[in-house]
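Here is the file model-v9.cif (mmCIF, C-alpha atoms and all ligand atoms).
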```cif
data_model
loop_
_atom_site.group_PDB
_atom_site.id
_atom_site.type_symbol
_atom_site.label_atom_id
_atom_site.label_comp_id
_atom_site.auth_asym_id
_atom_site.auth_seq_id
_atom_site.Cartn_x
_atom_site.Cartn_y
_atom_site.Cartn_z
ATOM 1 C CA MET I 1 212.074 209.162 87.134
ATOM 2 C CA GLU I 2 210.890 212.617 88.184
ATOM 3 C CA LEU I 3 209.754 211.238 91.550
ATOM 4 C CA VAL I 4 213.160 209.718 92.216
ATOM 5 C CA ALA I 5 214.893 212.892 91.097
ATOM 6 C CA GLY I 6 212.694 214.993 93.374
ATOM 7 C CA ASN I 7 213.471 212.840 96.408
ATOM 8 C CA LEU I 8 217.207 212.775 95.877
ATOM 9 C CA GLY I 9 217.606 216.319 94.634
ATOM 10 C CA ARG I 10 219.087 216.970 91.224
ATOM 11 C CA ARG I 11 222.698 217.097 92.361
ATOM 12 C CA ASN I 12 222.643 213.840 94.324
ATOM 13 C CA PHE I 13 220.626 212.222 91.576
ATOM 14 C CA LEU I 14 223.260 212.986 88.988
ATOM 15 C CA GLN I 15 226.027 211.789 91.326
ATOM 16 C CA THR I 16 224.489 208.326 91.718
ATOM 17 C CA GLY I 17 225.016 205.535 89.259
ATOM 18 C CA LEU I 18 221.231 205.134 89.429
ATOM 19 C CA GLY I 19 220.800 208.541 87.843
ATOM 20 C CA GLY I 20 223.101 207.633 84.976
ATOM 21 C CA ALA I 21 221.291 204.368 84.377
ATOM 22 C CA ILE I 22 217.858 205.990 84.405
ATOM 23 C CA ILE I 23 218.878 208.836 82.130
ATOM 24 C CA SER I 24 220.392 206.344 79.673
ATOM 25 C CA LEU I 25 217.221 204.280 79.639
ATOM 26 C CA SER I 26 215.142 207.400 79.283
ATOM 27 C CA SER I 27 217.136 208.688 76.341
ATOM 28 C CA CYS I 28 216.893 205.269 74.659
ATOM 29 C CA SER I 29 213.155 204.980 75.104
ATOM 30 C CA SER I 30 212.300 208.591 74.274
ATOM 31 C CA PRO I 31 213.902 209.443 70.976
ATOM 32 C CA GLY I 32 213.447 212.957 69.783
ATOM 33 C CA THR I 33 213.225 214.613 73.211
ATOM 34 C CA GLY I 34 216.545 216.315 72.619
ATOM 35 C CA ARG I 35 217.784 215.324 76.098
ATOM 36 C CA ARG I 36 221.169 213.782 76.316
ATOM 37 C CA SER I 37 223.013 212.296 79.293
ATOM 38 C CA GLU I 38 226.745 211.910 79.856
ATOM 39 C CA SER I 39 226.567 208.232 78.933
ATOM 40 C CA ALA I 40 224.642 208.918 75.719
ATOM 41 C CA ARG I 41 227.148 211.507 74.494
ATOM 42 C CA PRO I 42 228.909 210.361 71.309
ATOM 43 C CA PRO I 43 232.578 209.410 71.634
ATOM 44 C CA LYS I 44 235.220 212.014 70.858
ATOM 45 C CA PRO I 45 236.303 211.934 67.228
ATOM 46 C CA GLY I 46 239.099 209.411 66.764
ATOM 47 C CA PHE I 47 238.194 207.392 69.866
ATOM 48 C CA PRO I 48 236.314 204.177 69.052
ATOM 49 C CA SER I 49 233.272 203.105 71.024
ATOM 50 C CA PHE I 50 232.881 199.361 71.542
ATOM 51 C CA ARG I 51 230.507 196.772 73.000
ATOM 52 C CA GLU I 52 232.822 193.794 73.276
ATOM 53 C CA VAL I 53 236.485 192.870 73.760
ATOM 54 C CA VAL I 54 237.822 189.841 71.883
ATOM 55 C CA ASP I 55 241.136 188.385 73.066
ATOM 56 C CA LEU I 56 243.434 187.725 70.105
ATOM 57 C CA THR I 57 246.137 186.307 72.407
ATOM 58 C CA HIS I 58 247.063 182.660 72.923
ATOM 59 C CA THR I 59 248.091 181.644 76.424
ATOM 60 C CA TYR I 60 251.875 181.448 76.313
ATOM 61 C CA SER I 61 253.110 178.154 77.770
ATOM 62 C CA ASN I 62 255.810 175.573 77.102
ATOM 63 C CA ARG I 63 253.217 173.645 75.056
ATOM 64 C CA PHE I 64 253.286 176.353 72.362
ATOM 65 C CA THR I 65 254.876 175.150 69.114
ATOM 66 C CA HIS I 66 258.028 177.146 68.296
ATOM 67 C CA TRP I 67 258.867 178.293 64.775
ATOM 68 C CA ALA I 68 262.337 176.721 65.000
ATOM 69 C CA GLY I 69 260.907 173.328 65.982
ATOM 70 C CA GLY I 70 259.973 171.894 69.363
ATOM 71 C CA THR I 71 258.155 174.084 71.848
ATOM 72 C CA ALA I 72 258.603 177.558 73.280
ATOM 73 C CA LYS I 73 260.612 178.149 76.421
ATOM 74 C CA VAL I 74 258.594 179.613 79.278
ATOM 75 C CA GLU I 75 260.180 179.347 82.713
ATOM 76 C CA LEU I 76 258.787 180.871 85.883
ATOM 77 C CA GLU I 77 261.466 180.730 88.559
ATOM 78 C CA THR I 78 259.999 181.080 92.039
ATOM 79 C CA LEU I 79 261.670 183.910 93.948
ATOM 80 C CA SER I 80 259.243 183.884 96.836
ATOM 81 C CA SER I 81 256.149 181.873 97.588
ATOM 82 C CA THR I 82 253.239 182.035 100.028
ATOM 83 C CA SER I 83 253.166 178.230 100.147
ATOM 84 C CA ARG I 84 256.628 178.273 101.746
ATOM 85 C CA GLY I 85 255.710 181.129 104.070
ATOM 86 C CA ASP I 86 257.345 184.069 102.259
ATOM 87 C CA GLY I 87 254.226 186.232 102.314
ATOM 88 C CA TRP I 88 254.342 187.013 98.568
ATOM 89 C CA ASN I 89 254.218 185.105 95.285
ATOM 90 C CA VAL I 90 256.918 186.403 92.938
ATOM 91 C CA THR I 91 258.541 184.730 89.920
ATOM 92 C CA ARG I 92 261.259 185.651 87.429
ATOM 93 C CA TRP I 93 260.428 184.903 83.789
ATOM 94 C CA THR I 94 262.640 183.413 81.120
ATOM 95 C CA ILE I 95 260.786 183.332 77.789
ATOM 96 C CA ASP I 96 261.492 183.213 74.081
ATOM 97 C CA GLU I 97 261.029 186.675 72.612
ATOM 98 C CA HIS I 98 259.555 185.473 69.292
ATOM 99 C CA ALA I 99 257.126 182.747 70.333
ATOM 100 C CA GLY I 100 253.529 182.790 71.490
ATOM 101 C CA THR I 101 251.423 185.769 70.407
ATOM 102 C CA HIS I 102 254.061 188.443 69.916
ATOM 103 C CA ILE I 103 255.102 191.607 68.140
ATOM 104 C CA ASP I 104 257.995 191.906 65.666
ATOM 105 C CA SER I 105 259.493 195.389 65.981
ATOM 106 C CA PRO I 106 261.178 196.966 62.926
ATOM 107 C CA PHE I 107 264.561 196.281 64.590
ATOM 108 C CA HIS I 108 263.927 192.499 64.367
ATOM 109 C CA ARG I 109 265.035 192.595 60.715
ATOM 110 C CA ASN I 110 266.306 196.137 60.263
ATOM 111 C CA PRO I 111 269.348 197.384 62.234
ATOM 112 C CA ASP I 112 268.156 200.984 61.804
ATOM 113 C CA GLY I 113 264.555 200.216 62.832
ATOM 114 C CA LEU I 114 262.829 200.972 66.129
ATOM 115 C CA THR I 115 263.166 198.557 69.028
ATOM 116 C CA VAL I 116 259.821 197.596 70.537
ATOM 117 C CA ASP I 117 259.982 200.104 73.415
ATOM 118 C CA ARG I 118 260.263 202.975 70.927
ATOM 119 C CA ILE I 119 257.135 202.267 68.858
ATOM 120 C CA PRO I 120 254.840 205.236 69.597
ATOM 121 C CA ALA I 121 251.840 204.363 71.790
ATOM 122 C CA ARG I 122 249.438 206.069 69.348
ATOM 123 C CA ASP I 123 250.496 203.554 66.663
ATOM 124 C CA LEU I 124 249.563 200.572 68.870
ATOM 125 C CA VAL I 125 245.788 201.242 68.724
ATOM 126 C CA LEU I 126 244.576 200.913 65.166
ATOM 127 C CA PRO I 127 241.669 199.971 62.888
ATOM 128 C CA LEU I 128 241.724 196.304 61.914
ATOM 129 C CA ALA I 129 241.025 194.791 58.491
ATOM 130 C CA ILE I 130 240.787 190.995 58.311
ATOM 131 C CA VAL I 131 241.470 189.140 55.078
ATOM 132 C CA ASP I 132 240.022 185.639 55.144
ATOM 133 C CA ILE I 133 242.085 183.091 53.170
ATOM 134 C CA ARG I 134 240.764 180.017 54.995
ATOM 135 C CA ALA I 135 239.370 178.443 51.827
ATOM 136 C CA LYS I 136 242.732 178.310 50.052
ATOM 137 C CA ALA I 137 244.649 177.565 53.276
ATOM 138 C CA THR I 138 242.513 174.441 53.644
ATOM 139 C CA GLU I 139 243.457 173.393 50.115
ATOM 140 C CA SER I 140 247.173 174.142 50.501
ATOM 141 C CA PRO I 141 249.281 174.818 53.608
ATOM 142 C CA ASP I 142 251.553 176.954 51.379
ATOM 143 C CA ALA I 143 248.743 179.444 50.619
ATOM 144 C CA GLN I 144 249.702 183.112 50.602
ATOM 145 C CA LEU I 145 247.717 186.305 51.131
ATOM 146 C CA THR I 146 248.183 187.934 47.730
ATOM 147 C CA LEU I 147 247.681 191.337 46.144
ATOM 148 C CA GLU I 148 244.516 189.918 44.545
ATOM 149 C CA ASP I 149 243.152 189.052 48.005
ATOM 150 C CA LEU I 150 243.700 192.675 49.106
ATOM 151 C CA LYS I 151 242.014 194.027 45.961
ATOM 152 C CA LEU I 152 239.048 191.702 46.528
ATOM 153 C CA TRP I 153 238.799 192.843 50.165
ATOM 154 C CA GLU I 154 238.738 196.477 49.038
ATOM 155 C CA ALA I 155 236.112 195.742 46.368
ATOM 156 C CA GLU I 156 233.853 194.326 49.089
ATOM 157 C CA ASN I 157 234.714 196.619 52.011
ATOM 158 C CA GLY I 158 236.139 199.873 50.654
ATOM 159 C CA PRO I 159 239.708 201.145 51.080
ATOM 160 C CA LEU I 160 241.949 199.527 53.673
ATOM 161 C CA PRO I 161 241.879 201.707 56.810
ATOM 162 C CA ASP I 162 244.392 204.509 57.113
ATOM 163 C CA ARG I 163 247.077 203.813 59.775
ATOM 164 C CA GLY I 164 245.509 200.385 60.268
ATOM 165 C CA CYS I 165 246.492 196.759 60.750
ATOM 166 C CA VAL I 166 245.813 194.141 58.069
ATOM 167 C CA ALA I 167 245.399 190.626 59.469
ATOM 168 C CA MET I 168 245.545 187.283 57.681
ATOM 169 C CA LEU I 169 242.908 184.780 58.799
ATOM 170 C CA SER I 170 244.026 181.305 57.713
ATOM 171 C CA GLY I 171 242.419 179.255 60.495
ATOM 172 C CA TRP I 172 245.872 178.063 61.619
ATOM 173 C CA ASP I 173 245.336 179.262 65.214
ATOM 174 C CA ALA I 174 243.645 175.961 66.115
ATOM 175 C CA ARG I 175 247.024 174.213 65.696
ATOM 176 C CA VAL I 176 249.343 176.206 67.972
ATOM 177 C CA GLU I 177 250.004 173.349 70.377
ATOM 178 C CA LYS I 178 250.431 170.740 67.606
ATOM 179 C CA PRO I 179 253.408 169.910 65.348
ATOM 180 C CA GLY I 180 251.096 170.675 62.375
ATOM 181 C CA PHE I 181 251.396 174.359 63.265
ATOM 182 C CA ILE I 182 254.904 174.622 61.771
ATOM 183 C CA ASN I 183 254.240 171.536 59.654
ATOM 184 C CA PHE I 184 257.774 170.385 58.743
ATOM 185 C CA ASP I 185 258.027 167.947 55.840
ATOM 186 C CA ASP I 186 260.603 165.153 55.594
ATOM 187 C CA GLU I 187 263.169 167.582 54.144
ATOM 188 C CA GLY I 188 262.757 169.999 57.049
ATOM 189 C CA VAL I 189 260.767 172.536 55.001
ATOM 190 C CA ARG I 190 257.970 174.364 56.852
ATOM 191 C CA HIS I 191 254.467 174.544 55.384
ATOM 192 C CA PHE I 192 252.033 177.181 56.677
ATOM 193 C CA PRO I 193 250.351 180.288 55.185
ATOM 194 C CA GLY I 194 251.724 183.843 55.208
ATOM 195 C CA PHE I 195 251.730 187.139 53.310
ATOM 196 C CA HIS I 196 253.041 187.318 49.741
ATOM 197 C CA VAL I 197 255.733 189.976 49.337
ATOM 198 C CA ASP I 198 253.725 191.758 46.595
ATOM 199 C CA ALA I 199 250.860 192.195 49.061
ATOM 200 C CA ALA I 200 253.277 193.538 51.697
ATOM 201 C CA ASN I 201 254.778 195.992 49.216
ATOM 202 C CA PHE I 202 251.313 197.184 48.161
ATOM 203 C CA LEU I 203 250.426 197.892 51.816
ATOM 204 C CA LEU I 204 253.753 199.665 52.253
ATOM 205 C CA GLU I 205 253.748 201.745 49.079
ATOM 206 C CA GLU I 206 250.126 202.170 47.998
ATOM 207 C CA ARG I 207 248.329 202.236 51.361
ATOM 208 C CA ASN I 208 249.128 203.822 54.698
ATOM 209 C CA VAL I 209 249.059 200.589 56.744
ATOM 210 C CA LEU I 210 251.161 200.445 59.944
ATOM 211 C CA SER I 211 250.966 196.808 60.957
ATOM 212 C CA MET I 212 250.226 193.334 59.672
ATOM 213 C CA ALA I 213 249.125 190.337 61.725
ATOM 214 C CA VAL I 214 249.023 186.601 61.038
ATOM 215 C CA ASP I 215 247.466 183.605 62.810
ATOM 216 C CA THR I 216 250.521 181.543 61.800
ATOM 217 C CA ALA I 217 254.093 181.612 63.132
ATOM 218 C CA SER I 218 255.526 184.049 60.566
ATOM 219 C CA LEU I 219 254.610 186.994 58.347
ATOM 220 C CA ASP I 220 256.379 185.047 55.548
ATOM 221 C CA TYR I 221 254.840 181.734 54.512
ATOM 222 C CA GLY I 222 256.476 178.515 55.703
ATOM 223 C CA PRO I 223 258.649 177.437 52.725
ATOM 224 C CA THR I 224 260.504 180.756 52.399
ATOM 225 C CA THR I 225 264.272 180.761 52.705
ATOM 226 C CA ASP I 226 264.933 184.517 52.353
ATOM 227 C CA PHE I 227 261.982 186.085 54.257
ATOM 228 C CA PRO I 228 261.146 188.867 51.770
ATOM 229 C CA VAL I 229 258.054 190.018 53.717
ATOM 230 C CA HIS I 230 260.022 190.525 56.945
ATOM 231 C CA THR I 231 262.773 192.282 54.985
ATOM 232 C CA SER I 232 260.427 194.620 53.150
ATOM 233 C CA TRP I 233 257.871 195.282 55.902
ATOM 234 C CA LEU I 234 260.158 195.678 58.920
ATOM 235 C CA GLY I 235 262.743 197.318 56.662
ATOM 236 C CA GLY I 236 260.039 199.878 55.776
ATOM 237 C CA GLY I 237 259.687 200.811 59.454
ATOM 238 C CA ARG I 238 256.473 198.835 59.960
ATOM 239 C CA TRP I 239 255.816 196.162 62.611
ATOM 240 C CA GLY I 240 253.997 192.843 62.720
ATOM 241 C CA ILE I 241 252.156 190.475 65.034
ATOM 242 C CA GLU I 242 252.520 186.702 64.777
ATOM 243 C CA ASN I 243 250.489 183.823 66.254
ATOM 244 C CA VAL I 244 247.266 185.769 66.809
ATOM 245 C CA ALA I 245 244.109 183.935 67.921
ATOM 246 C CA ASN I 246 240.365 184.219 67.352
ATOM 247 C CA LEU I 247 240.310 186.383 64.209
ATOM 248 C CA ALA I 248 237.330 184.302 63.019
ATOM 249 C CA GLU I 249 235.199 185.911 65.746
ATOM 250 C CA LEU I 250 235.578 189.361 64.170
ATOM 251 C CA PRO I 251 234.017 191.144 61.184
ATOM 252 C CA PRO I 252 236.254 191.870 58.148
ATOM 253 C CA LYS I 253 236.286 195.550 59.104
ATOM 254 C CA GLY I 254 235.165 197.795 61.952
ATOM 255 C CA ALA I 255 237.141 196.363 64.892
ATOM 256 C CA THR I 256 239.951 198.248 66.637
ATOM 257 C CA LEU I 257 243.144 196.371 67.492
ATOM 258 C CA VAL I 258 245.009 197.198 70.697
ATOM 259 C CA CYS I 259 248.565 195.885 70.853
ATOM 260 C CA GLY I 260 249.849 195.651 74.433
ATOM 261 C CA ALA I 261 253.473 195.514 73.311
ATOM 262 C CA PRO I 262 256.180 195.082 75.966
ATOM 263 C CA LYS I 263 258.170 198.224 76.794
ATOM 264 C CA ILE I 264 261.490 196.578 77.411
ATOM 265 C CA GLU I 265 264.472 198.687 76.445
ATOM 266 C CA GLY I 266 266.248 197.329 73.391
ATOM 267 C CA ALA I 267 263.891 194.355 72.872
ATOM 268 C CA THR I 268 263.264 193.203 69.294
ATOM 269 C CA GLY I 269 259.620 192.331 69.985
ATOM 270 C CA GLY I 270 257.996 190.045 72.502
ATOM 271 C CA HIS I 271 254.913 188.473 73.974
ATOM 272 C CA SER I 272 252.011 190.938 73.729
ATOM 273 C CA ARG I 273 248.402 191.018 74.850
ATOM 274 C CA ILE I 274 246.463 191.664 71.655
ATOM 275 C CA LEU I 275 242.845 192.777 72.030
ATOM 276 C CA ALA I 276 240.156 193.651 69.517
ATOM 277 C CA LEU I 277 237.415 196.146 70.407
ATOM 278 C CA VAL I 278 234.159 195.583 68.501
HETATM 279 ZN ZN ZN I 301 258.546 187.284 65.538
#
```

Target format structure tokens, applied to this file:
Amino acid sequence: MELVAGNLGRRNFLQTGLGGAIISLSSCSSPGTGRRSESARPPKPGFPSFREVVDLTHTYSNRFTHWAGGTAKVELETLSSTSRGDGWNVTRWTIDEHAGTHIDSPFHRNPDGLTVDRIPARDLVLPLAIVDIRAKATESPDAQLTLEDLKLWEAENGPLPDRGCVAMLSGWDARVEKPGFINFDDEGVRHFPGFHVDAANFLLEERNVLSMAVDTASLDYGPTTDFPVHTSWLGGGRWGIENVANLAELPPKGATLVCGAPKIEGATGGHSRILALV
């Protein structure tokens, strides 16, 4: 390393990517030397470091099962096309706001709540806690994430993260392009897991949680008729994410969720790119 540094000169050496790579290797292999490179410097407080990005977003297509029945509407109208000699490929989208992996803004249920464009950016990057209810969701499609599930999570993992997102892992994300995702019975009642309102109220009143996420089509479980979780949670100024994917790839705590919410004036939510940094 010293030979290379001597040939390049210190300044050039530090300006090359090579220098950074060598210094990083050196600081890894020589603990205790007290030397520290730019790349080995610890992250600023409050900014997470990460090794991997996990995509929690389903591809949004017209095969996606819609909460109301049938499939989501996704239309790409061709405005110009290279294949017809226009020089550019440009489309205009028509999509359902609350289908696919998407955010529910407070305004979705609460006329005084924030529309999606007004949710502060600093609230859209947050520590993620994942509550695994797959065992009971396998036994019953009407399973709910209860207060007891949250207490058990805290007993195993410590307090739920401040200003965080609590996600329900039911395993339902494997069904998003199948009728079994909404799971209507013969009477037209839906059957899929969701949060229990007591759990939502605990997160709202006893913990400082900003967001909840589900791998099903609704924060409320399927059979509900009055949507108490939406009413309480969005009414309390919080927001939610529905139809998330791949939660099973993440640890119960330690990941950071990034919500790429649309910034469309007046929108009540909408398709979002949801990423987890681990
Ligand atoms: Zn929604």

Next on the checklist: Can you translate the PyMOL selection byres (((chain I and resi 173) around 7) and not hetatm) into the concrete residues it hits in this file, as JSON, numbers by chain?
Outcome noted: {"I": [171, 172, 174, 175, 176, 215, 216, 243, 244, 245]}

Checklist entry - Which polymer residues have any atom within 12 Å of an atom of Glu148 of chain I, counting only C-alpha atoms, with same-chain residues fewer than 2 positions away left out, as a PyMOL selection string? => result chain I and resi 131+133+144-146+150-155+195-196+198-200+202

Next on the checklist: Just want the residues within 10 Å of ligand ZN 301 (chain I), written as an MDAnalysis selection string, counting only C-alpha atoms and all ligand atoms.
Outcome noted: chainID I and resid 67 96:105 108:109 217:219 230 239:243 268:271

Checklist outcome for this item: Pairwise distance, atom CA of Pro120 of chain I with atom CA of Phe64 of chain I, equals 29.1 Å

Next on the checklist: Applying 7 Å and only C-alpha atoms, which residues near Pro141 of chain I remain after dropping the ones on its own chain fewer than 2 positions away? List them as a VMD selection string.
Outcome noted: chain I and resid 137 to 139 143 191 to 193

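Picture a line from atom CA of Arg51 of chain I to atom CA of Ile119 of chain I; it runs 27.5 Å.
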
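As for atom CA of Lys136 of chain I and atom CA of Met168 of chain I, they are spaced 12.1 Å apart.
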
Taking a cut-off of 10 Å and counting only C-alpha atoms, can you build a table that, for each residue of segment 40-79 of chain I near segment 248-252 of chain I, reports the nearest atom pair and how far apart they are in Å (one decimal), sorted by chain then residue number, as JSON lines?
```
{"residue": "I:Val54", "atom": "CA", "partner": "I:Glu249", "partner_atom": "CA", "distance": 7.7}
{"residue": "I:Asp55", "atom": "CA", "partner": "I:Glu249", "partner_atom": "CA", "distance": 9.7}
{"residue": "I:Leu56", "atom": "CA", "partner": "I:Glu249", "partner_atom": "CA", "distance": 9.5}
```

Item to check | Nearest to Cys165 of chain I, chosen from I:Asn89, I:Thr256, I:Thr65, I:Thr71, with all atoms listed in the file counted in the distances | outcome: I:Thr256

Checklist entry - Which of these residues is nearest to Asp226 of chain I, using only C-alpha atoms: I:Thr57, I:Pro127, I:Gly260, I:Val197? => result I:Val197

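Residues in contact with Ala121 of chain I at up to 10 Å, not including ones fewer than 4 positions away on its chain and judged by only C-alpha atoms, are I:Asp117, I:Val125, I:Val258, I:Cys259, I:Gly260, I:Ala261.
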
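Of the residues under consideration (I:Ser211, I:Asn110, I:Asn62, I:Ser140), I:Asn110 shows the shortest atom-to-atom contact distance to Gly235 of chain I when counting only C-alpha atoms.
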
Next on the checklist: Counting all atoms listed in the file, which residues sit no farther than 6 Å from the position (245.5, 191.5, 59.7) in the file's frame? I'd like them as a PyMOL selection string.
Outcome noted: chain I and resi 129-130+165-168+212-213

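Close contacts of Arg118 of chain I, defined as residues with an atom at most 10 Å away when counting only C-alpha atoms, with chain neighbours fewer than 3 positions off set aside, comprise I:Ser105, I:Gly113, I:Leu114, I:Thr115, I:Ala121, I:Lys263, I:Ile264, I:Glu265, I:Gly266, I:Ala267.
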
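If you measure from each of I:Ser232, I:Asn183, I:Thr91, I:Thr59 to Leu203 of chain I using only C-alpha atoms, the closest one turns out to be I:Ser232.
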
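Candidate residues I:Phe50, I:Tyr221, I:Phe181, I:Phe227 were compared for distance to Arg63 of chain I, and the nearest is I:Phe181, using all atoms listed in the file.
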
Item to check | Exercise: Arg238 of chain I partners within 6 Å, all atoms listed in the file, chain neighbours under 5 positions left out, as a PyMOL selection string | outcome: chain I and resi 106+210-211+233

Checklist entry - Using all atoms listed in the file, which of I:Val116, I:Ser170, I:Glu156, I:Gly70 sits nearest Asn246 of chain I? => result I:Ser170
